[in-house]
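Peer 1: Got a structure for you, structure_25.txt, holding compact mmCIF, C-alpha atoms.
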```txt
# COMPACT_ATOMS: atom_id res chain seq x y z
CA MET J 1 -5.88 -28.10 20.83
CA PHE J 2 -9.65 -27.90 20.56
CA ILE J 3 -11.65 -29.41 23.41
CA VAL J 4 -15.32 -30.40 23.00
CA LYS J 5 -17.32 -31.52 25.99
CA LYS J 6 -18.98 -34.91 25.72
CA GLY J 7 -22.40 -34.79 24.12
CA GLU J 8 -21.93 -31.40 22.52
CA VAL J 9 -22.13 -30.85 18.77
CA SER J 10 -19.27 -29.03 17.11
CA LEU J 11 -20.38 -25.78 15.50
CA LEU J 12 -16.95 -25.03 14.01
CA SER J 13 -15.85 -26.68 10.80
CA ARG J 14 -12.95 -29.11 10.87
CA PRO J 15 -10.91 -27.16 8.26
CA PHE J 16 -11.32 -23.99 10.33
CA LYS J 17 -10.11 -25.72 13.49
CA GLN J 18 -7.21 -27.33 11.70
CA ALA J 19 -6.12 -24.03 10.14
CA ILE J 20 -6.30 -22.17 13.45
CA SER J 21 -4.44 -24.91 15.26
CA ARG J 22 -1.61 -24.85 12.69
CA LEU J 23 -1.33 -21.08 12.87
CA CYS J 24 -1.20 -21.05 16.66
CA GLU J 25 0.92 -24.14 17.31
CA ARG J 26 4.15 -22.15 17.74
CA TYR J 27 2.61 -19.37 19.82
CA ASP J 28 4.68 -18.90 23.00
CA GLY J 29 3.18 -15.70 24.36
CA THR J 30 0.70 -15.14 27.18
CA PRO J 31 -1.35 -18.35 27.57
CA PHE J 32 -5.10 -17.95 27.19
CA GLU J 33 -8.22 -19.83 26.20
CA LEU J 34 -10.80 -19.12 23.51
CA ARG J 35 -14.34 -20.35 24.07
CA PHE J 36 -17.07 -20.56 21.47
CA TRP J 37 -20.85 -20.39 21.56
CA GLY J 38 -21.24 -24.16 21.15
CA GLY J 39 -19.01 -25.11 24.07
CA GLU J 40 -15.78 -25.70 22.14
CA ARG J 41 -12.53 -24.39 23.57
CA LEU J 42 -9.09 -23.62 22.16
CA ARG J 43 -6.10 -23.39 24.51
CA LEU J 44 -3.12 -21.30 23.34
CA GLY J 45 0.29 -20.97 24.90
CA VAL J 46 1.91 -22.92 27.69
CA GLY J 47 0.62 -22.87 31.26
CA ALA J 48 -2.57 -21.84 32.98
CA PRO J 49 -4.66 -19.38 30.96
CA ALA J 50 -4.13 -15.76 31.96
CA PHE J 51 -7.54 -14.87 30.56
CA LEU J 52 -10.54 -16.36 28.78
CA LEU J 53 -12.16 -14.94 25.68
CA THR J 54 -15.65 -16.15 24.83
CA PHE J 55 -17.29 -15.60 21.47
CA ARG J 56 -20.97 -15.86 22.34
CA THR J 57 -22.17 -15.69 18.73
CA ARG J 58 -20.96 -16.81 15.33
CA ARG J 59 -21.31 -13.20 14.16
CA ALA J 60 -18.80 -12.01 16.76
CA LEU J 61 -16.20 -14.53 15.59
CA CYS J 62 -16.74 -13.85 11.90
CA GLU J 63 -16.62 -10.07 12.26
CA THR J 64 -13.46 -10.25 14.39
CA ALA J 65 -11.78 -12.43 11.78
CA LEU J 66 -12.86 -10.14 8.95
CA PHE J 67 -12.60 -6.68 10.49
CA GLY J 68 -10.00 -6.97 13.27
CA THR J 69 -10.40 -4.44 16.06
CA LEU J 70 -13.63 -3.07 14.58
CA GLY J 71 -15.30 -6.48 14.67
CA LEU J 72 -13.92 -7.38 18.10
CA GLY J 73 -14.64 -3.95 19.59
CA GLU J 74 -18.21 -3.80 18.35
CA ALA J 75 -18.82 -7.35 19.57
CA TYR J 76 -17.50 -6.21 22.96
CA ILE J 77 -19.87 -3.23 22.94
CA ARG J 78 -22.81 -5.58 22.16
CA ARG J 79 -21.60 -8.05 24.83
CA GLU J 80 -21.26 -10.77 22.21
CA VAL J 81 -17.62 -11.06 23.29
CA VAL J 82 -16.82 -11.61 26.97
CA PHE J 83 -13.38 -11.33 28.56
CA GLU J 84 -12.65 -13.06 31.85
CA GLY J 85 -9.55 -11.45 33.31
CA ASP J 86 -8.14 -7.96 32.90
CA LEU J 87 -9.03 -6.41 29.55
CA GLU J 88 -5.58 -4.83 29.13
CA ASP J 89 -3.88 -8.21 29.63
CA ALA J 90 -6.36 -9.91 27.32
CA LEU J 91 -5.83 -7.48 24.46
CA THR J 92 -2.08 -7.66 25.04
CA GLY J 93 -2.28 -11.42 24.56
CA LEU J 94 -4.32 -11.04 21.38
CA PHE J 95 -1.88 -8.49 19.98
CA GLU J 96 0.99 -10.84 20.79
CA LEU J 97 -0.80 -13.66 18.99
CA THR J 98 -1.49 -11.67 15.85
CA ARG J 99 2.07 -10.33 15.74
CA SER J 100 3.32 -13.90 16.04
CA ILE J 101 1.06 -15.11 13.25
CA GLY J 102 1.80 -12.05 11.13
CA ALA J 103 5.53 -12.72 11.38
CA ARG J 104 4.96 -16.21 9.97
CA LEU J 105 2.32 -15.21 7.42
CA PRO J 106 2.98 -11.57 6.47
CA ARG J 107 0.44 -11.65 3.68
CA LEU J 108 -2.32 -12.42 6.17
CA ALA J 109 -1.21 -9.90 8.77
CA PRO J 110 -3.36 -7.00 7.49
CA SER J 111 -6.51 -9.08 7.94
CA LEU J 112 -5.69 -9.98 11.52
CA LEU J 113 -6.24 -8.08 14.73
CA GLU J 114 -2.81 -6.46 14.48
CA ALA J 115 -4.04 -4.43 11.53
CA GLY J 116 -5.89 -2.51 14.21
CA ALA J 117 -3.07 -2.64 16.75
CA ALA J 118 -0.62 -1.10 14.31
CA GLY J 119 -2.76 2.00 14.16
CA VAL J 120 -4.76 1.78 17.36
CA LEU J 121 -4.78 5.55 17.60
CA GLY J 122 -4.87 6.00 13.84
CA ALA J 123 -7.93 6.75 11.81
CA LEU J 124 -9.54 8.64 8.92
CA ARG J 125 -7.10 9.18 6.04
CA LEU J 126 -7.19 12.83 5.04
CA GLY J 127 -6.07 13.38 1.48
CA ARG J 128 -5.24 16.34 -0.70
CA ARG J 129 -8.80 16.99 -1.76
CA SER J 130 -10.46 20.30 -1.03
CA GLY J 131 -12.12 20.41 2.38
CA ALA J 132 -9.39 18.40 4.15
CA ALA J 133 -8.83 21.18 6.71
CA ARG J 134 -12.55 21.31 7.43
CA ARG J 135 -12.66 17.53 7.92
CA GLU J 136 -9.70 17.80 10.26
CA LYS J 137 -11.59 20.33 12.39
CA LEU J 138 -14.71 18.16 12.48
CA ALA J 139 -12.65 15.11 13.44
CA VAL J 140 -10.83 16.95 16.24
CA GLU J 141 -14.08 18.44 17.52
CA ARG J 142 -15.67 15.00 17.60
CA HIS J 143 -12.99 13.73 19.99
CA TYR J 144 -11.96 16.71 22.11
CA GLY J 145 -15.31 18.44 21.89
CA LEU J 146 -17.00 15.81 24.06
CA GLY J 147 -17.04 18.41 26.81
CA ASN J 148 -14.95 19.82 29.64
CA ASP J 149 -17.06 17.83 32.12
CA PHE J 150 -15.83 14.52 30.67
CA TYR J 151 -12.07 14.81 30.39
CA PRO J 152 -11.30 15.87 34.01
CA LEU J 153 -12.84 12.58 35.16
CA TYR J 154 -10.18 10.40 33.57
CA LEU J 155 -7.22 12.63 32.61
CA ASP J 156 -4.84 14.25 35.09
CA ARG J 157 -5.75 17.55 36.68
CA ARG J 158 -3.83 19.43 33.96
CA LEU J 159 -5.95 17.78 31.26
CA GLN J 160 -2.93 16.50 29.34
CA THR J 161 -3.88 14.21 26.46
CA SER J 162 -0.24 13.38 25.75
CA CYS J 163 1.67 10.86 27.86
CA GLY J 164 3.28 11.69 31.18
CA TYR J 165 6.94 11.21 32.12
CA PHE J 166 7.29 8.53 34.80
CA GLY J 167 10.28 8.14 37.10
CA SER J 168 8.90 4.74 38.12
CA PRO J 169 5.75 2.73 37.31
CA SER J 170 4.33 3.61 40.73
CA ASP J 171 4.31 7.37 40.10
CA ALA J 172 0.96 9.12 40.29
CA LEU J 173 -0.37 10.37 36.97
CA ASP J 174 -0.47 13.99 38.17
CA ASP J 175 3.20 13.82 39.13
CA ALA J 176 4.17 12.20 35.81
CA GLN J 177 2.33 14.87 33.84
CA ALA J 178 3.88 17.68 35.88
CA ARG J 179 7.32 16.16 35.23
CA LYS J 180 6.53 15.89 31.53
CA ILE J 181 5.67 19.58 31.26
CA SER J 182 8.86 20.46 33.10
CA VAL J 183 11.01 18.26 30.84
CA ILE J 184 9.50 19.77 27.68
CA ALA J 185 10.21 23.28 28.94
CA LYS J 186 13.84 22.36 29.57
CA LYS J 187 14.24 20.62 26.21
CA LEU J 188 13.00 23.79 24.55
CA ALA J 189 15.54 25.83 26.54
CA LEU J 190 12.91 28.44 27.41
CA ARG J 191 14.04 31.92 28.38
CA ARG J 192 12.21 35.03 29.53
CA GLY J 193 10.98 37.18 26.66
CA GLN J 194 10.80 34.42 24.08
CA ARG J 195 7.71 33.90 21.95
CA LEU J 196 6.27 30.38 21.90
CA LEU J 197 3.71 28.88 19.51
CA ASP J 198 1.76 25.79 20.58
CA LEU J 199 0.24 23.95 17.61
CA GLY J 200 -2.80 21.99 18.76
CA CYS J 201 -2.52 23.34 22.29
CA GLY J 202 -5.20 21.20 23.96
CA TRP J 203 -6.28 22.72 27.26
CA GLY J 204 -3.17 24.88 27.29
CA HIS J 205 -1.35 23.86 30.45
CA PHE J 206 2.06 23.76 28.82
CA MET J 207 1.60 27.37 27.70
CA LEU J 208 0.37 28.35 31.15
CA HIS J 209 3.46 26.76 32.69
CA ALA J 210 5.80 28.38 30.17
CA ALA J 211 4.32 31.83 30.70
CA GLU J 212 4.08 31.54 34.48
CA THR J 213 7.46 29.94 35.17
CA TYR J 214 9.69 31.31 32.39
CA GLY J 215 8.01 34.58 31.40
CA VAL J 216 7.40 33.36 27.85
CA GLN J 217 4.74 34.97 25.63
CA CYS J 218 2.50 32.24 24.20
CA LEU J 219 0.03 31.72 21.40
CA GLY J 220 -1.88 28.48 21.08
CA VAL J 221 -4.01 27.30 18.18
CA THR J 222 -6.75 24.73 18.57
CA LEU J 223 -9.74 23.57 16.55
CA CYS J 224 -11.94 23.13 19.66
CA ASP J 225 -14.03 25.97 21.03
CA ASN J 226 -14.34 24.34 24.48
CA GLN J 227 -10.56 24.16 24.84
CA ALA J 228 -10.15 27.79 23.80
CA ARG J 229 -12.71 28.93 26.38
CA TYR J 230 -10.90 27.02 29.10
CA ILE J 231 -7.51 28.53 28.20
CA ARG J 232 -8.90 32.07 28.12
CA GLU J 233 -10.42 31.60 31.58
CA GLN J 234 -7.17 30.22 32.96
CA ALA J 235 -4.99 32.92 31.38
CA ALA J 236 -7.27 35.67 32.70
CA ALA J 237 -7.38 34.15 36.21
CA ARG J 238 -3.58 33.92 36.33
CA ARG J 239 -2.97 37.20 34.44
CA LEU J 240 -0.64 35.47 31.99
CA PRO J 241 0.45 36.51 28.48
CA VAL J 242 -1.27 33.53 26.86
CA GLU J 243 -3.46 33.92 23.78
CA VAL J 244 -5.45 31.22 22.02
CA ARG J 245 -7.10 31.18 18.60
CA VAL J 246 -9.57 28.71 17.15
CA MET J 247 -7.94 28.14 13.79
CA GLY J 248 -5.78 25.75 11.80
CA TYR J 249 -1.99 25.98 11.74
CA GLU J 250 -2.06 26.67 7.99
CA GLU J 251 -3.89 29.96 8.69
CA LEU J 252 -1.03 31.48 10.70
CA GLU J 253 0.80 34.37 9.03
CA ASP J 254 4.35 33.68 7.83
CA GLU J 255 5.45 37.15 8.92
CA ALA J 256 4.95 36.31 12.60
CA ARG J 257 7.83 33.96 13.40
CA TRP J 258 8.44 32.24 16.71
CA ASP J 259 11.46 31.53 18.90
CA ARG J 260 9.98 28.24 20.06
CA ILE J 261 7.32 25.92 18.64
CA VAL J 262 5.79 22.94 20.42
CA SER J 263 3.30 20.37 19.19
CA LEU J 264 2.21 17.63 21.58
CA GLY J 265 0.64 15.10 19.24
CA SER J 266 -1.32 17.37 16.94
CA MET J 267 0.49 16.37 13.74
CA CYS J 268 -1.38 13.04 13.83
CA HIS J 269 -4.58 14.93 13.07
CA ALA J 270 -3.17 16.14 9.77
CA GLY J 271 -3.42 12.81 7.99
CA GLU J 272 -1.02 11.01 5.71
CA HIS J 273 -0.73 13.77 3.09
CA ARG J 274 -1.42 16.92 5.10
CA ILE J 275 1.47 16.07 7.41
CA GLU J 276 3.70 17.57 4.72
CA VAL J 277 1.79 20.84 5.12
CA PHE J 278 2.28 20.60 8.87
CA TYR J 279 6.08 20.38 8.51
CA ASP J 280 6.07 23.18 5.93
CA ARG J 281 4.34 25.44 8.44
CA VAL J 282 6.75 24.52 11.25
CA LYS J 283 9.68 25.47 9.01
CA ALA J 284 8.04 28.72 7.89
CA LEU J 285 7.03 29.83 11.38
CA LEU J 286 10.26 29.06 13.28
CA VAL J 287 12.95 31.75 13.44
CA GLU J 288 16.46 30.94 12.24
CA GLY J 289 18.17 29.14 15.12
CA GLY J 290 14.82 28.57 16.83
CA ILE J 291 13.94 25.31 18.54
CA CYS J 292 10.81 23.20 18.26
CA LEU J 293 9.67 20.04 20.00
CA LEU J 294 7.31 17.66 18.20
CA GLU J 295 5.60 14.67 19.78
CA SER J 296 3.64 11.96 18.06
CA VAL J 297 2.34 8.46 18.40
CA THR J 298 4.52 6.53 15.96
CA ARG J 299 4.71 3.10 14.38
CA ALA J 300 7.63 1.15 12.93
CA ARG J 301 6.60 1.62 9.29
CA GLU J 302 4.26 4.16 7.76
CA SER J 303 1.16 2.82 6.08
CA SER J 304 -2.14 4.13 4.79
CA ARG J 305 -3.84 1.45 6.88
CA THR J 306 -5.57 2.83 9.96
CA ASP J 307 -7.61 1.34 12.76
CA PRO J 308 -11.31 1.03 11.83
CA PHE J 309 -12.63 0.83 15.41
CA LEU J 310 -10.93 4.06 16.46
CA GLN J 311 -11.97 5.76 13.24
CA LYS J 312 -15.61 4.93 13.73
CA HIS J 313 -16.05 5.15 17.48
CA ILE J 314 -13.30 7.18 19.15
CA PHE J 315 -10.65 9.08 17.27
CA PRO J 316 -11.28 10.09 13.67
CA GLY J 317 -8.55 12.10 12.02
CA TYR J 318 -5.52 10.31 13.45
CA TRP J 319 -2.67 8.98 11.30
CA PRO J 320 0.52 8.08 13.19
CA PRO J 321 3.79 8.58 11.26
CA SER J 322 7.00 6.66 11.88
CA LEU J 323 10.18 7.77 13.63
CA GLN J 324 11.94 7.58 10.28
CA GLY J 325 9.22 9.66 8.65
CA MET J 326 9.38 12.35 11.33
CA ALA J 327 13.14 12.70 11.00
CA ALA J 328 13.13 12.57 7.17
CA ARG J 329 10.50 15.31 6.88
CA ALA J 330 12.44 17.51 9.26
CA VAL J 331 15.80 17.03 7.52
CA ALA J 332 14.23 17.64 4.09
CA ARG J 333 13.28 21.13 5.30
CA GLY J 334 16.62 22.03 6.82
CA LEU J 335 15.58 21.29 10.40
CA ASP J 336 18.37 19.76 12.49
CA VAL J 337 17.46 16.83 14.77
CA LEU J 338 18.92 17.66 18.19
CA ASP J 339 17.32 14.90 20.21
CA ALA J 340 14.82 12.03 19.86
CA GLU J 341 13.37 9.99 22.70
CA ASN J 342 10.98 7.04 22.64
CA LEU J 343 8.33 7.41 25.36
CA ARG J 344 6.53 4.15 24.54
CA ARG J 345 6.64 2.78 28.09
CA HIS J 346 5.52 6.14 29.47
CA SER J 347 2.57 6.01 27.07
CA GLU J 348 1.64 2.53 28.27
CA LEU J 349 1.67 3.69 31.89
CA THR J 350 -0.31 6.82 31.03
CA ALA J 351 -3.01 4.89 29.17
CA HIS J 352 -3.21 2.46 32.08
CA CYS J 353 -3.74 5.35 34.52
CA TRP J 354 -6.39 6.85 32.23
CA ARG J 355 -8.26 3.54 32.14
CA GLN J 356 -8.09 3.15 35.92
CA ASN J 357 -9.48 6.67 36.36
CA PHE J 358 -12.18 5.95 33.79
CA LEU J 359 -13.25 2.76 35.55
CA GLN J 360 -13.20 4.37 39.00
CA ASN J 361 -15.33 7.26 37.77
CA ARG J 362 -17.47 5.24 35.36
CA GLU J 363 -20.80 5.85 37.06
CA ARG J 364 -20.02 9.51 37.59
CA ILE J 365 -19.03 9.99 33.95
CA ALA J 366 -22.28 8.43 32.78
CA ARG J 367 -24.29 10.54 35.21
CA VAL J 368 -22.55 13.87 34.50
CA THR J 369 -22.29 13.52 30.73
CA GLY J 370 -25.35 11.40 29.89
CA PHE J 371 -23.23 9.12 27.68
CA ASP J 372 -24.94 5.79 27.05
CA GLU J 373 -23.64 2.28 27.78
CA ALA J 374 -22.39 1.76 24.24
CA PHE J 375 -20.20 4.87 24.55
CA MET J 376 -18.84 3.74 27.89
CA ARG J 377 -17.93 0.26 26.65
CA ALA J 378 -16.34 1.71 23.51
CA TRP J 379 -14.04 3.89 25.63
CA GLU J 380 -13.18 0.99 27.92
CA PHE J 381 -12.11 -1.00 24.86
CA TYR J 382 -10.20 1.97 23.39
CA LEU J 383 -8.18 2.67 26.55
CA ALA J 384 -7.32 -1.00 27.08
CA SER J 385 -6.33 -1.26 23.40
CA ALA J 386 -3.98 1.68 23.80
CA VAL J 387 -2.27 0.02 26.75
CA ALA J 388 -1.88 -3.24 24.81
CA ALA J 389 -0.55 -1.51 21.68
CA PHE J 390 2.15 0.38 23.58
CA ARG J 391 2.95 -2.61 25.79
CA THR J 392 3.56 -4.92 22.83
CA GLY J 393 5.44 -2.36 20.74
CA ALA J 394 2.75 -2.17 18.07
CA LEU J 395 2.89 1.58 18.76
CA SER J 396 5.57 3.87 20.13
CA PHE J 397 5.59 7.53 21.14
CA THR J 398 8.37 9.75 19.79
CA GLN J 399 9.47 13.10 21.19
CA MET J 400 11.82 14.93 18.83
CA VAL J 401 13.66 18.24 19.32
CA LEU J 402 14.60 20.17 16.17
CA SER J 403 16.36 23.43 15.41
CA ASN J 404 16.00 25.65 12.38
CA GLY J 405 19.61 25.44 11.25
CA ALA J 406 22.64 24.59 13.34
CA GLN J 407 22.25 25.23 17.10
CA ARG J 408 25.43 25.97 19.05
CA ASP J 409 24.01 26.84 22.46
CA TYR J 410 21.87 23.77 23.10
CA PRO J 411 22.99 21.64 26.13
CA LEU J 412 25.72 19.13 25.31
CA ALA J 413 24.14 16.35 27.39
CA ARG J 414 20.66 15.33 28.44
CA GLU J 415 21.47 15.37 32.15
CA PRO J 416 20.88 19.12 32.63
CA LEU J 417 17.49 18.76 31.00
CA TYR J 418 16.28 16.54 33.82
CA ILE J 419 18.10 17.81 36.92
CA ALA J 420 18.15 21.58 36.41
CA GLU J 421 15.70 23.36 38.69
CA GLU J 422 13.09 25.61 37.18
CA PRO J 423 12.48 29.19 38.27
CA PRO J 424 9.87 29.46 41.05
CA ALA J 425 6.40 30.06 39.67
CA ARG J 426 4.03 32.66 40.98
CA GLU J 427 1.01 31.71 43.09
CA ARG J 428 -1.31 29.82 40.79
CA ALA J 429 -5.04 29.85 40.24
CA PRO J 430 -7.09 26.63 40.34
CA LEU J 431 -6.56 24.34 37.36
CA VAL J 432 -10.21 24.46 36.28
CA PRO J 433 -12.69 27.30 35.86
CA ALA J 434 -14.62 28.02 39.04
CA VAL J 435 -17.90 27.19 37.29
CA GLN J 436 -16.74 23.58 36.97
CA VAL J 437 -15.31 23.13 40.45
CA ALA J 438 -18.74 22.90 42.00
CA SER J 439 -19.83 20.21 39.58
CA TRP J 440 -17.10 17.67 40.29
CA GLY J 441 -15.12 18.69 43.32
CA ALA J 442 -12.41 21.13 44.29
CA ILE J 443 -9.08 20.95 42.53
CA ALA J 444 -5.86 21.75 44.35
CA PRO J 445 -3.52 24.29 42.82
CA SER J 446 -0.63 22.96 40.74
```
Could you write out this structure as structure tokens?

Peer 2:
Amino acid sequence: MFIVKKGEVSLLSRPFKQAISRLCERYDGTPFELRFWGGERLRLGVGAPAFLLTFRTRRALCETALFGTLGLGEAYIRREVVFEGDLEDALTGLFELTRSIGARLPRLAPSLLEAGAAGVLGALRLGRRSGAARREKLAVERHYGLGNDFYPLYLDRRLQTSCGYFGSPSDALDDAQARKISVIAKKLALRRGQRLLDLGCGWGHFMLHAAETYGVQCLGVTLCDNQARYIREQAAARRLPVEVRVMGYEELEDEARWDRIVSLGSMCHAGEHRIEVFYDRVKALLVEGGICLLESVTRARESSRTDPFLQKHIFPGYWPPSLQGMAARAVARGLDVLDAENLRRHSELTAHCWRQNFLQNRERIARVTGFDEAFMRAWEFYLASAVAAFRTGALSFTQMVLSNGAQRDYPLAREPLYIAEEPPARERAPLVPAVQVASWGAIAPS
């Protein structure tokens, strides 16, 4: 119910309060309290509030109601919205509320906060028009091109932007990411002498591991110059057969086919329509009987709707498909689904670790990069939103293994994928170029 302190004048209309109260009366999720600029309060859920959310201005409330995560996030950046309690828990509660309301009023759901939650890592819809590939490059550069001085201060030491693989919630992020790389290598059934293509290779540590541990020849493609420079430095320091090109996947020659293909999240950059091109290229570039592993943030149902806050402030170019969509596109091209695993809980834990690193290094990030306070608050909101979206199931994370045609030699059970030991790797170089070590501390070898 609404509570107004004695002597205070209500600034919220009676119909508004009545409508909100009716919508929220059956809410049984995390209890919390909303506070408004005029002193009014609204208690939701049963029990002591886990967090408090204060709208300090009418504008903040109106823009949140109208624009979902964009309105709420920008109000947070301007400090017109204040959270008391952990931001991850608070956004989890809000996502729970909007999912509850959306289940009762599906026609209103797109206008609620969950419209953002459903695509919290989604963004700019890239269509079939000319210039889509160029826009994809610009969008990727905007996110990953923020600089190699920024990402080491909140990611793991291998600079993995995909989720880790946790044995337990208490695992360190570095250990989870090392396990993830190992699991991917085993799922791909890597063997010495194979040729591996990494589509959207990031900072290249999966390729470095594959080349160093399994003797695989690797080519990575990225749209970011800073990532390519990093990979070249690492490959040269370790004397590994790893090549990287700054180019789009559609530019690769069909004649050069690959035994293994891996893509750790890059298909989301393609957009709703260009994802078909992405799958066409995977099919064309994979040898008969070859194996590929594709990862992606996924949602329950595909939609053109994307998150406006992430599009504007953090992650343009993202469009998460669904598990059904991933499998259907593969099967339509004659790719056989060997294995699919939902890493949603691993993604929640990873995003939580990223946020903790970001908060612990907040002052250092601002000092090293020169990013302003608005940038810092936008990233705090983004990382907490990611945790909440994965925690509530608004988003999942799907890892799918495919073969080009029937595969007879793939392991019969998953168990060997996780318990089989890998070949011993050679002595490794530091995980960052020497020029960066002096700027933010020494990094131990992997």

Peer 1: Excluding same-chain residues fewer than 3 positions from Gly193 (chain J), what lies within 10 Å of it counting only C-alpha atoms, as a compact mmCIF listing (two decimals) with C-alpha atoms, keeping the file's coordinate frame?

Peer 2:
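As a result, part_31.txt now contains:
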```
# COMPACT_ATOMS: atom_id res chain seq x y z
CA LEU J 190 12.91 28.44 27.41
CA LEU J 196 6.27 30.38 21.90
CA ALA J 211 4.32 31.83 30.70
CA TYR J 214 9.69 31.31 32.39
CA GLY J 215 8.01 34.58 31.40
CA VAL J 216 7.40 33.36 27.85
CA GLN J 217 4.74 34.97 25.63
CA ASP J 259 11.46 31.53 18.90
```

Peer 1: Taking only C-alpha atoms into account, which of J:Thr54, J:His346, J:Ile77, J:Leu197 comes nearest Glu373 (chain J)?

Peer 2: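 That would be J:Ile77, the residue with the smallest distance to Glu373 (chain J).
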
Peer 1: Between J:Tyr154, J:His269, J:Glu251, J:Leu61, which residue has the minimum interatomic distance to Gln311 (chain J), considering only C-alpha atoms?

Peer 2: J:His269

Peer 1: Write out as CSV a residue-level contact list of region 324-415 of chain J versus region 271-278 of chain J with cut-off 12 Å: for each qualifying residue the closest pair of atoms and the distance in Å to one decimal, counting only C-alpha atoms, rows sorted by chain and residue number upward.

Peer 2:
```
residue,atom,partner,partner_atom,distance
J:Gly325,CA,J:Ile275,CA,10.1
J:Met326,CA,J:Ile275,CA,9.6
J:Ala328,CA,J:Glu276,CA,11.0
J:Arg329,CA,J:Glu276,CA,7.5
J:Ala330,CA,J:Glu276,CA,9.8
J:Ala332,CA,J:Glu276,CA,10.5
J:Arg333,CA,J:Glu276,CA,10.2
```

Peer 1: Quick one, how far is CA of Val82 (chain J) from CA of Arg344 (chain J)?

Peer 2: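 Rounded to one decimal, the two atoms are 28.3 Å apart.
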
Peer 1: Which one of J:Asp225, J:Glu295, J:Asp156, J:Asp198 sits closest to Leu252 (chain J) if you count all atoms listed in the file?

Peer 2: J:Asp198

Peer 1: Taking into account only C-alpha atoms, which residue in the set J:Gly405, J:Pro308, J:Gly38, J:Gly370 is nearest to Glu74 (chain J)?

Peer 2: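 Closest to Glu74 (chain J), using only C-alpha atoms: J:Pro308.
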
Peer 1: Please put the answer as AutoDock Vina command-line options: centre and edge lengths, in Å with one decimal, of a box along x, y and z that encloses all listed atoms of region 255-263 of chain J plus 6 Å on each side.

Peer 2:
```
--center_x 7.4 --center_y 28.8 --center_z 14.7 --size_x 20.2 --size_y 28.8 --size_z 23.5
```

Peer 1: Considering only C-alpha atoms, return as a list in words whatever protein or nucleic-acid residues lie within 8 Å of Val387 (chain J), sequence-local ones (same chain, fewer than 4 positions apart) excluded.

Peer 2: Glu88, Thr92, Ser347, Glu348, Leu349, Ala351, His352, Leu383 and Arg391 of chain J

Peer 1: Using only C-alpha atoms, find the one residue out of J:Ser396, J:Thr161, J:Ser266, J:Ser403 that sits nearest to Arg301 (chain J).

Peer 2: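 Result for the nearest residue to Arg301 (chain J): J:Ser396.
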
Peer 1: Between J:Asn361, J:Ser168, J:Ser182, J:Gln324, which one has atoms that come closest to Leu155 (chain J), using all atoms listed in the file?

Peer 2: J:Asn361

Peer 1: May I have the residues within 12 Å of Leu359 (chain J) as a PDB file with C-alpha atoms, keeping the file's coordinate frame, using only C-alpha atoms and disregarding those fewer than 6 positions away in the same chain?

Peer 2:
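Resulting contents of selection05.pdb:
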```
ATOM      1  CA  LEU J  87      -9.030  -6.410  29.550  1.00  0.00           C
ATOM      2  CA  LEU J 153     -12.840  12.580  35.160  1.00  0.00           C
ATOM      3  CA  TYR J 154     -10.180  10.400  33.570  1.00  0.00           C
ATOM      4  CA  LEU J 155      -7.220  12.630  32.610  1.00  0.00           C
ATOM      5  CA  HIS J 352      -3.210   2.460  32.080  1.00  0.00           C
ATOM      6  CA  CYS J 353      -3.740   5.350  34.520  1.00  0.00           C
ATOM      7  CA  ILE J 365     -19.030   9.990  33.950  1.00  0.00           C
ATOM      8  CA  ALA J 366     -22.280   8.430  32.780  1.00  0.00           C
ATOM      9  CA  MET J 376     -18.840   3.740  27.890  1.00  0.00           C
ATOM     10  CA  ARG J 377     -17.930   0.260  26.650  1.00  0.00           C
ATOM     11  CA  TRP J 379     -14.040   3.890  25.630  1.00  0.00           C
ATOM     12  CA  GLU J 380     -13.180   0.990  27.920  1.00  0.00           C
ATOM     13  CA  PHE J 381     -12.110  -1.000  24.860  1.00  0.00           C
ATOM     14  CA  LEU J 383      -8.180   2.670  26.550  1.00  0.00           C
ATOM     15  CA  ALA J 384      -7.320  -1.000  27.080  1.00  0.00           C
TER      16      ALA J 384
END
```

Peer 1: Grab the CA of Phe397 (chain J) to CA of Met267 (chain J) distance for me, in Å with one decimal place.

Peer 2: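 Distance reported for this atom pair: 12.6 Å.
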
Peer 1: Anything within 12 Å of (3.0, 27.7, 25.8): list those residues as a ChimeraX atom specification, counting only C-alpha atoms and sticking to the file's coordinates.

Peer 2: /J:181-182,184-185,188,190,194-221,231,235,240-244,258-264,292-293

Peer 1: What's the 7 Å shell around region 408-417 of chain J, counting only C-alpha atoms, without same-chain residues fewer than 6 positions away, as a list in words?

Peer 2: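 Once the nearby chain positions are removed, what remains is Val183, Lys186 and Lys187 of chain J.
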
Peer 1: For CA of Glu341 (chain J) and CA of Arg299 (chain J), quote the distance in Å rounded to one decimal.

Peer 2: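 For CA of Glu341 (chain J) relative to CA of Arg299 (chain J), the distance reads 13.8 Å.
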